[in-house]
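Novice: So here's input-v1.cif (mmCIF, C-alpha atoms).
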data_start
loop_
_atom_site.label_atom_id
_atom_site.label_comp_id
_atom_site.auth_asym_id
_atom_site.auth_seq_id
_atom_site.Cartn_x
_atom_site.Cartn_y
_atom_site.Cartn_z
CA MET A 342 42.83 -11.94 5.73
CA ILE A 343 46.14 -11.18 7.48
CA LEU A 344 44.26 -10.29 10.64
CA THR A 345 42.44 -13.62 10.50
CA LEU A 346 45.66 -15.57 10.17
CA ALA A 347 47.31 -13.65 12.99
CA THR A 348 44.38 -14.28 15.30
CA GLY A 349 44.48 -17.97 14.38
CA LEU A 350 48.16 -18.25 15.22
CA PHE A 351 47.69 -16.57 18.59
CA LEU A 352 44.83 -18.94 19.42
CA ILE A 353 46.85 -21.99 18.44
CA TYR A 354 49.68 -20.80 20.67
CA GLY A 355 47.22 -20.43 23.51
CA ALA A 356 45.66 -23.83 22.96
CA MET A 357 48.90 -25.66 23.56
CA ASP A 358 48.47 -25.29 27.29
CA MET A 359 45.00 -26.73 27.51
CA PRO A 360 44.33 -30.28 28.78
CA LYS A 361 44.64 -33.15 26.36
CA TRP A 362 41.81 -34.83 24.49
CA GLY A 363 40.05 -37.35 26.73
CA ASP A 364 41.83 -36.50 29.94
CA PRO A 365 39.87 -37.69 32.97
CA GLU A 366 41.76 -35.36 35.29
CA SER A 367 40.99 -32.14 33.48
CA PRO A 368 39.49 -29.35 35.60
CA ALA A 369 36.20 -29.58 33.76
CA SER A 370 35.56 -33.10 35.02
CA VAL A 371 36.82 -33.04 38.56
CA ASN A 372 35.11 -30.35 40.55
CA VAL A 373 31.37 -30.83 40.46
CA SER A 374 30.41 -33.31 37.79
CA PRO A 375 31.36 -36.53 39.65
CA ARG A 376 28.75 -35.62 42.20
CA TYR A 377 26.17 -35.17 39.44
CA ILE A 378 27.07 -38.47 37.83
CA GLU A 379 27.01 -40.48 41.03
CA LYS A 380 23.92 -39.06 42.65
CA ALA A 381 21.67 -38.49 39.64
CA PHE A 382 20.07 -41.93 39.54
CA GLU A 383 19.66 -42.27 43.30
CA GLU A 384 18.02 -38.96 43.96
CA THR A 385 15.85 -38.54 40.90
CA ALA A 386 15.22 -42.07 39.49
CA VAL A 387 15.82 -40.81 35.97
CA PRO A 388 18.40 -42.75 33.95
CA ASN A 389 19.30 -39.95 31.55
CA MET A 390 21.88 -37.79 33.32
CA VAL A 391 21.67 -34.93 30.84
CA THR A 392 17.94 -34.45 31.38
CA ALA A 393 18.37 -34.79 35.14
CA VAL A 394 20.94 -32.03 35.26
CA LEU A 395 19.03 -29.84 32.79
CA ALA A 396 15.62 -30.00 34.43
CA ASP A 397 16.36 -30.69 38.06
CA TYR A 398 19.76 -29.52 39.24
CA ARG A 399 19.90 -26.56 36.86
CA GLY A 400 16.21 -26.01 36.35
CA TYR A 401 16.39 -22.26 36.84
CA ASP A 402 18.64 -21.86 33.81
CA THR A 403 16.13 -23.78 31.74
CA LEU A 404 13.41 -21.38 32.82
CA GLY A 405 15.49 -18.45 31.59
CA GLU A 406 16.19 -20.34 28.37
CA THR A 407 12.49 -20.84 27.68
CA THR A 408 11.87 -17.16 28.30
CA VAL A 409 14.62 -16.28 25.81
CA ILE A 410 13.08 -18.32 23.05
CA PHE A 411 9.62 -16.98 23.80
CA ALA A 412 10.95 -13.41 23.64
CA ALA A 413 12.69 -14.14 20.32
CA GLY A 414 9.42 -15.36 18.83
CA ILE A 415 7.60 -12.22 19.94
CA CYS A 416 10.44 -10.02 18.68
CA CYS A 417 10.23 -11.60 15.25
CA LEU A 418 6.49 -11.01 15.19
CA LEU A 419 6.91 -7.35 16.08
CA ILE A 420 9.63 -6.59 13.53
CA LEU A 421 7.64 -7.97 10.64
CA LYS A 422 4.30 -6.34 11.17
CA ARG A 423 2.82 -4.62 8.17
CA ARG A 424 1.61 -1.14 8.87
CA LYS A 425 -0.90 0.31 6.47
CA LYS A 426 -0.13 3.87 7.51
CA GLU A 427 3.57 3.57 6.64
CA GLU A 428 2.96 3.67 2.90
CA ALA A 429 0.72 6.72 3.16
CA THR A 430 3.10 9.02 5.02
CA MET B 134 54.15 -33.41 16.53
CA ASP B 135 52.96 -35.38 19.51
CA LEU B 136 51.51 -32.20 20.94
CA LEU B 137 49.65 -31.60 17.68
CA ILE B 138 47.99 -35.00 17.69
CA SER B 139 46.94 -34.98 21.31
CA HIS B 140 45.30 -31.56 21.02
CA PHE B 141 43.61 -32.01 17.67
CA ASN B 142 40.13 -31.09 18.78
CA TYR B 143 41.25 -27.55 19.57
CA PHE B 144 42.77 -27.16 16.11
CA ILE B 145 39.58 -28.14 14.36
CA SER B 146 37.60 -25.63 16.42
CA ILE B 147 40.13 -22.91 15.72
CA CYS B 148 40.03 -23.58 11.96
CA LEU B 149 36.24 -23.33 11.89
CA MET B 150 36.41 -20.19 14.00
CA MET B 151 38.82 -18.55 11.58
CA VAL B 152 36.61 -19.44 8.61
CA GLY B 153 33.65 -17.82 10.34
CA LEU B 154 35.65 -14.74 11.30
CA TYR B 155 36.88 -14.24 7.74
CA ALA B 156 33.35 -14.55 6.38
CA MET B 157 32.08 -11.98 8.86
CA MET B 158 34.78 -9.42 8.21
CA ALA B 159 35.71 -9.58 4.56
CA LYS B 160 32.49 -10.24 2.67
CA MET B 161 30.20 -7.44 1.57
CA ASN B 162 26.90 -9.25 1.28
CA LEU B 163 24.79 -9.25 4.43
CA VAL B 164 23.58 -12.84 4.07
CA LYS B 165 27.16 -14.08 3.86
CA LYS B 166 27.98 -12.22 7.05
CA LEU B 167 25.06 -13.91 8.75
CA ILE B 168 26.26 -17.34 7.64
CA GLY B 169 29.73 -16.49 8.96
CA MET B 170 28.27 -15.66 12.36
CA ASN B 171 26.45 -18.97 12.39
CA ILE B 172 29.63 -20.92 11.55
CA PHE B 173 31.50 -19.09 14.33
CA GLN B 174 28.85 -20.01 16.84
CA TRP B 175 28.80 -23.69 15.91
CA SER B 176 32.57 -23.89 16.24
CA ILE B 177 32.34 -22.63 19.81
CA ILE B 178 29.69 -25.23 20.61
CA LEU B 179 31.89 -27.98 19.15
CA PHE B 180 34.83 -26.79 21.24
CA PHE B 181 32.85 -26.90 24.47
CA VAL B 182 31.41 -30.34 23.87
CA SER B 183 34.84 -31.74 23.03
CA THR B 184 36.29 -30.66 26.38
CA GLY B 185 34.06 -33.15 28.14
CA ALA B 186 35.27 -36.34 26.55
CA LYS B 187 37.10 -39.08 28.43
CA HIS B 188 39.09 -42.09 27.32
CA GLY B 189 37.01 -45.27 27.04
CA ALA B 190 33.86 -43.74 28.51
CA THR B 191 30.30 -44.17 27.36
CA ILE B 192 27.31 -41.86 26.92
CA PRO B 193 25.84 -40.39 30.12
CA ILE B 194 22.78 -42.62 30.36
CA VAL B 195 22.53 -45.25 33.08
CA GLU B 196 21.65 -48.75 31.87
CA ALA B 197 19.06 -49.27 34.54
CA GLY B 198 18.10 -52.83 33.74
CA HIS B 199 15.68 -54.24 36.25
CA SER B 200 16.33 -52.20 39.35
CA HIS B 201 13.64 -49.56 39.62
CA HIS B 202 14.41 -48.61 43.20
CA GLY B 203 17.77 -47.31 42.20
CA ALA B 204 19.67 -48.04 45.37
CA GLU B 205 21.72 -51.01 44.18
CA VAL B 206 23.41 -49.40 41.20
CA ILE B 207 26.89 -48.12 41.93
CA LEU B 208 28.14 -45.62 39.39
CA GLN B 209 31.73 -44.71 38.81
CA ALA B 210 32.44 -41.23 37.59
CA SER B 211 35.14 -42.29 35.18
CA HIS B 212 32.87 -44.57 33.15
CA TYR B 213 30.63 -41.82 31.92
CA VAL B 214 31.28 -38.78 29.81
CA ASN B 215 30.95 -35.47 31.62
CA PRO B 216 27.31 -34.37 31.13
CA LEU B 217 27.78 -30.74 32.08
CA PRO B 218 29.01 -29.32 28.73
CA HIS B 219 26.21 -31.15 26.92
CA VAL B 220 23.63 -29.45 29.11
CA LEU B 221 25.07 -25.97 28.65
CA MET B 222 25.38 -26.38 24.92
CA LEU B 223 21.73 -27.41 24.53
CA THR B 224 20.85 -23.95 25.73
CA ALA B 225 23.43 -22.40 23.44
CA ILE B 226 22.03 -24.14 20.36
CA VAL B 227 18.54 -22.89 21.06
CA VAL B 228 19.78 -19.35 21.61
CA GLY B 229 21.60 -19.57 18.28
CA VAL B 230 18.43 -20.53 16.46
CA ALA B 231 16.60 -17.61 18.04
CA THR B 232 19.36 -15.18 17.07
CA THR B 233 19.36 -16.38 13.46
CA GLY B 234 15.59 -16.02 13.23
CA VAL B 235 15.59 -12.43 14.46
CA ALA B 236 18.55 -11.55 12.21
CA LEU B 237 16.69 -12.86 9.16
CA ALA B 238 13.67 -10.74 10.08
CA LEU B 239 15.89 -7.67 10.26
CA LEU B 240 17.38 -8.51 6.87
CA LEU B 241 13.92 -8.61 5.34
CA ARG B 242 13.15 -5.13 6.64
CA ILE B 243 16.46 -3.77 5.35
CA TYR B 244 15.73 -5.21 1.92
CA ARG B 245 12.31 -3.62 1.81
CA THR B 246 13.67 -0.17 2.67
CA TYR B 247 16.83 -0.05 0.56
CA HIS B 248 16.13 -2.67 -2.16
CA THR B 249 19.65 -4.07 -1.96
CA LEU B 250 21.66 -6.30 0.34
CA GLU B 251 25.23 -5.16 -0.31
CA GLU B 252 26.82 -3.31 2.56
CA ASP B 253 28.61 -0.57 0.60
CA GLU B 254 25.50 0.34 -1.40
CA ILE B 255 23.48 0.57 1.81
CA LEU B 256 26.07 2.84 3.40
CA GLN B 257 26.01 5.04 0.31
CA LYS B 258 22.24 5.31 0.35
CA MET B 259 22.21 6.19 4.00
CA ARG B 260 24.34 9.33 3.52
CA MET C 1369 4.63 -16.85 -1.47
CA ILE C 1370 4.73 -20.62 -1.57
CA ARG C 1371 2.13 -22.16 -3.79
CA ARG C 1372 0.84 -25.70 -3.70
CA GLN C 1373 3.23 -28.13 -5.37
CA ASP C 1374 2.08 -29.51 -8.73
CA SER C 1375 3.68 -32.92 -8.44
CA ILE C 1376 1.38 -35.51 -6.95
CA ILE C 1377 4.20 -37.50 -5.43
CA ILE C 1378 5.15 -34.73 -3.02
CA THR C 1379 1.64 -34.04 -1.80
CA THR C 1380 0.76 -37.70 -1.30
CA LEU C 1381 4.00 -38.49 0.46
CA THR C 1382 3.64 -35.51 2.80
CA ARG C 1383 0.13 -36.50 3.65
CA LEU C 1384 1.34 -40.00 4.51
CA LEU C 1385 4.41 -38.95 6.49
CA THR C 1386 3.09 -36.18 8.72
CA PRO C 1387 1.38 -38.32 11.40
CA PHE C 1388 4.53 -40.43 11.77
CA ILE C 1389 6.69 -37.33 12.18
CA GLN C 1390 4.41 -35.98 14.87
CA LEU C 1391 4.30 -39.31 16.65
CA PHE C 1392 8.08 -39.51 16.61
CA GLY C 1393 8.34 -36.00 18.03
CA LEU C 1394 6.01 -36.91 20.84
CA TYR C 1395 8.03 -40.08 21.48
CA VAL C 1396 11.25 -38.07 21.78
CA ILE C 1397 9.67 -35.73 24.34
CA MET C 1398 8.20 -38.49 26.45
CA HIS C 1399 11.28 -40.72 26.41
CA GLY C 1400 13.63 -37.95 27.48
CA HIS C 1401 14.03 -39.88 30.70
CA SER C 1402 15.77 -42.97 29.46
CA SER C 1403 17.12 -42.24 26.00
CA PRO C 1404 18.69 -39.16 24.38
CA GLY C 1405 16.09 -36.50 23.78
CA GLY C 1406 14.02 -34.26 25.96
CA GLY C 1407 12.01 -31.11 25.60
CA PHE C 1408 13.97 -29.02 23.11
CA GLN C 1409 14.64 -31.79 20.63
CA GLY C 1410 11.07 -33.05 20.54
CA GLY C 1411 9.71 -29.53 20.12
CA VAL C 1412 11.90 -28.91 17.08
CA ILE C 1413 10.80 -32.19 15.48
CA LEU C 1414 7.14 -31.29 15.94
CA GLY C 1415 7.73 -27.86 14.44
CA ALA C 1416 9.61 -29.36 11.49
CA GLY C 1417 6.68 -31.64 10.72
CA PHE C 1418 4.43 -28.65 10.41
CA ILE C 1419 6.94 -26.77 8.26
CA LEU C 1420 6.99 -29.74 5.86
CA LEU C 1421 3.23 -29.42 5.57
CA ALA C 1422 3.54 -25.72 4.82
CA ILE C 1423 6.17 -26.24 2.12
CA SER C 1424 4.29 -28.83 0.13
CA PHE C 1425 0.73 -27.58 0.39
CA GLY C 1426 1.17 -23.86 0.04
CA ILE C 1427 1.14 -21.14 2.62
CA ASP C 1428 -2.63 -20.58 2.54
CA GLU C 1429 -3.38 -24.04 3.80
CA ALA C 1430 -0.85 -23.63 6.58
CA LYS C 1431 -2.34 -20.28 7.56
CA GLN C 1432 -5.74 -21.90 7.91
CA ARG C 1433 -4.52 -24.58 10.27
CA PHE C 1434 -2.53 -22.40 12.62
CA SER C 1435 -3.85 -18.93 13.09
CA GLU C 1436 -1.87 -16.30 14.95
CA GLY C 1437 -4.05 -16.44 18.01
CA LEU C 1438 -3.50 -20.18 18.37
CA ILE C 1439 0.28 -19.75 18.12
CA ALA C 1440 0.20 -17.09 20.83
CA VAL C 1441 -1.89 -19.32 23.10
CA PHE C 1442 0.44 -22.30 22.65
CA SER C 1443 3.66 -20.44 23.30
CA SER C 1444 2.32 -18.72 26.40
CA ALA C 1445 0.87 -21.99 27.68
CA GLY C 1446 4.27 -23.65 27.57
CA VAL C 1447 5.99 -21.00 29.68
CA PHE C 1448 2.98 -20.94 31.96
CA ILE C 1449 3.23 -24.68 32.64
CA PHE C 1450 6.89 -24.38 33.53
CA ALA C 1451 6.49 -21.42 35.87
CA GLY C 1452 3.29 -22.89 37.24
CA ILE C 1453 4.98 -26.06 38.44
CA GLY C 1454 7.59 -23.93 40.14
CA LEU C 1455 4.95 -21.82 41.85
CA LEU C 1456 3.09 -24.95 42.94
CA CYS C 1457 6.23 -26.16 44.67
CA LEU C 1458 6.50 -22.75 46.34
CA PHE C 1459 2.94 -22.88 47.61
CA LEU C 1460 3.34 -26.35 49.06
CA GLY C 1461 6.15 -25.21 51.31
CA ALA C 1462 9.55 -25.87 49.72
CA ASN C 1463 11.79 -23.61 47.63
CA TYR C 1464 10.97 -22.51 44.08
CA LEU C 1465 11.33 -25.40 41.58
CA ASP C 1466 12.11 -27.90 44.34
CA TYR C 1467 10.26 -30.93 43.09
CA GLY C 1468 10.64 -33.11 46.17
CA ILE C 1469 7.44 -31.98 47.82
CA LEU C 1470 4.79 -32.76 45.21
CA PRO C 1471 2.24 -35.29 46.51
CA VAL C 1472 2.65 -37.96 43.83
CA VAL C 1473 4.50 -41.30 43.80
CA GLU C 1474 7.87 -40.23 42.36
CA PRO C 1475 7.92 -36.44 42.69
CA ARG C 1476 11.18 -35.51 41.01
CA SER C 1477 10.70 -37.70 37.98
CA LEU C 1478 7.13 -36.55 37.31
CA GLY C 1479 8.02 -32.92 37.92
CA MET C 1480 10.67 -33.22 35.25
CA LEU C 1481 8.19 -34.78 32.83
CA GLY C 1482 5.78 -31.88 33.24
CA VAL C 1483 8.52 -29.36 32.70
CA GLU C 1484 9.68 -31.08 29.52
CA ILE C 1485 6.17 -31.05 28.08
CA GLY C 1486 5.95 -27.32 28.69
CA ILE C 1487 9.28 -26.70 26.98
CA GLY C 1488 8.28 -28.82 23.98
CA ILE C 1489 5.05 -26.90 23.41
CA THR C 1490 6.80 -23.51 23.55
CA VAL C 1491 9.59 -24.51 21.17
CA MET C 1492 7.11 -25.92 18.64
CA ALA C 1493 5.01 -22.77 18.68
CA VAL C 1494 8.01 -20.47 18.27
CA MET C 1495 9.39 -22.47 15.34
CA ILE C 1496 6.06 -22.27 13.53
CA SER C 1497 5.72 -18.58 14.34
CA ILE C 1498 9.16 -17.61 13.02
CA PHE C 1499 8.63 -19.58 9.79
CA ARG C 1500 5.22 -18.08 9.23
CA ASP C 1501 6.37 -14.51 9.85
CA LEU C 1502 9.29 -14.80 7.47
CA LEU C 1503 7.05 -16.15 4.70
CA THR C 1504 4.00 -13.93 4.89
CA PHE C 1505 5.97 -10.71 4.65
CA GLU C 1506 5.13 -9.23 1.27
#
Re-express the file's structure as C-alpha cells.

Specialist:
Amino acid sequence: MILTLATGLFLIYGAMDMPKWGDPESPASVNVSPRYIEKAFEETAVPNMVTAVLADYRGYDTLGETTVIFAAGICCLLILKRRKKEEAT
Amino acid sequence: MDLLISHFNYFISICLMMVGLYAMMAKMNLVKKLIGMNIFQWSIILFFVSTGAKHGATIPIVEAGHSHHGAEVILQASHYVNPLPHVLMLTAIVVGVATTGVALALLLRIYRTYHTLEEDEILQKMR
Amino acid sequence: MIRRQDSIIITTLTRLLTPFIQLFGLYVIMHGHSSPGGGFQGGVILGAGFILLAISFGIDEAKQRFSEGLIAVFSSAGVFIFAGIGLLCLFLGANYLDYGILPVVEPRSLGMLGVEIGIGITVMAVMISIFRDLLTFE
C-alpha cells in the first residue's frame, strides 16, 4: 500500500511538466499529424481520418495487429485442448 | 491550484493506475490480479487518448457534403482533434482483449490442476 | 455448461433481435469510411451477436452452428484477404500495400474497404473461438 502511494506521488510530480489539457501546440499534435489531417481527404477520398490513417498510412501496423489477434485465438485453442492420455498416465 | 485544474486528465489516469497496481500486488486471488491488470491497461489507454485533445475542436471526420472530388475542401489542422492517438489505441484495445482471453484460459488450467485459485495455497502445493 | 434458458421471454427476444444485431454489425463495417467505426468494431459486434445466441439457447445449439473447422476457415480467410491485397499490389508493380495501383475507379478507397472486411471476419471468428473454448472445457 505504501509502495503504491509512493509511486503515485512520484508520477504526479512528473506529470506537472507535461503539456496542458487541450493545448494545440503540444508536441503530439505538431510534428506529423497536421499533414495527415490536411492530406487525408485529398489523397484517399475517405472522410473518416481515423480509418484513413489506420488502413492506408499505417497499414503495415494493422497487418501485424491482425496477426496478433489470430495468434491469440490459436493460443487459446491450444491451451485448452483435452487430452485423453493425460488422465491415464 | 491552477496547475491542478489544467492538468486534471493526468490525475485521473494516475488514480486509475494506482488502483490497478494495488489490485495486482496486494490481493491473493488470481482473478482479482487479472482484473487489476485490466484496469491498469485501460488507464493507460485513457491517458493516451486524452493527450490528443484540442480546445474547441471537433471529431476527426470531414463533413464532405456534396463535393465528391475532394479538391475544393480546405482543412485546417486546428479544427480537428489529433487522430493519431485514436489509431494507436484501437490496436491497444484489441491486444488487451487477446491478453485477457489467453490469461483466462491459463487460469482454467491452473484450477484444474490445483483445485484452488489462491496464490499462497498454490505456492504451498507446488513445493 | 450452459443449458437452454427456461423463460420464454429470453428465447423469443433473442430470436427476434439476432438478425438486427448482425445487420448493425455489417453496417458498422461498411460505413467505416464516413462515420465512426471500421473493421475492429464491426467484428466485435458480430461476435457479440453470436455470443448472445449461445447464452440463451445453450451451448449445444451454438456448437452445432459453428463447428471448429468453420471457425478455423473464417479466421484464416480474414488474414488471407488482408495479405492477399498487399501481395496483389506487389505483383502489379508498386510497393507492398500501396493501394494506388489497383485498376478500379477509386483505388485507395476500395483497397481500404477490402482490408476492413478482412479484419472484421478475423475478429468475429476469434471472439467466437475464445468464448467457445472457455465454455466447453470440462

Novice: So the first atom is CA of Gly1393 in chain C and the second is CA of Leu1414 in chain C; what is the distance between them in Å, to one decimal place?

Specialist: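 It comes out at 5.3 Å.
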
Novice: Residue by residue, what does the PyMOL selection byres ((chain B) within 6 of (chain A)) grab here? Present the result as a PyMOL selection string.

Specialist: chain B and resi 139-140+186-188+193-195+203+208+210+216+220+231+235

Novice: Give me a file of those residues, with C-alpha atoms, as a compact mmCIF listing (two decimals), in the coordinates of the input.

Specialist:
# COMPACT_ATOMS: atom_id res chain seq x y z
CA SER B 139 46.94 -34.98 21.31
CA HIS B 140 45.30 -31.56 21.02
CA ALA B 186 35.27 -36.34 26.55
CA LYS B 187 37.10 -39.08 28.43
CA HIS B 188 39.09 -42.09 27.32
CA PRO B 193 25.84 -40.39 30.12
CA ILE B 194 22.78 -42.62 30.36
CA VAL B 195 22.53 -45.25 33.08
CA GLY B 203 17.77 -47.31 42.20
CA LEU B 208 28.14 -45.62 39.39
CA ALA B 210 32.44 -41.23 37.59
CA PRO B 216 27.31 -34.37 31.13
CA VAL B 220 23.63 -29.45 29.11
CA ALA B 231 16.60 -17.61 18.04
CA VAL B 235 15.59 -12.43 14.46

Novice: Using the chain letters and numbers from this file, what does the PyMOL selection byres ((chain B) within 10 of (chain C)) select? Give the answer as a ChimeraX atom specification.

Specialist: /B:192-197,223-224,226-227,230-231,234-235,237-238,241-242,245

Novice: Translate the PyMOL selection byres ((chain C) within 10 of (chain A)), as applied to the file shown, into an explicit residue set as JSON, numbers by chain.

Specialist: {"C": [1399, 1400, 1401, 1402, 1403, 1404, 1405, 1406, 1407, 1408, 1436, 1440, 1443, 1444, 1446, 1447, 1450, 1451, 1454, 1464, 1465, 1466, 1467, 1468, 1474, 1475, 1476, 1477, 1478, 1479, 1480, 1481, 1483, 1484, 1486, 1487, 1488, 1490, 1491, 1493, 1494, 1495, 1496, 1497, 1498, 1499, 1500, 1501, 1502, 1504, 1505, 1506]}

Novice: Provide the CA of Gly1482 in chain C to CA of Gly1417 in chain C distance in Å, to one decimal place.

Specialist: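 If I compute the distance from CA of Gly1482 in chain C to CA of Gly1417 in chain C, I get 22.5 Å.
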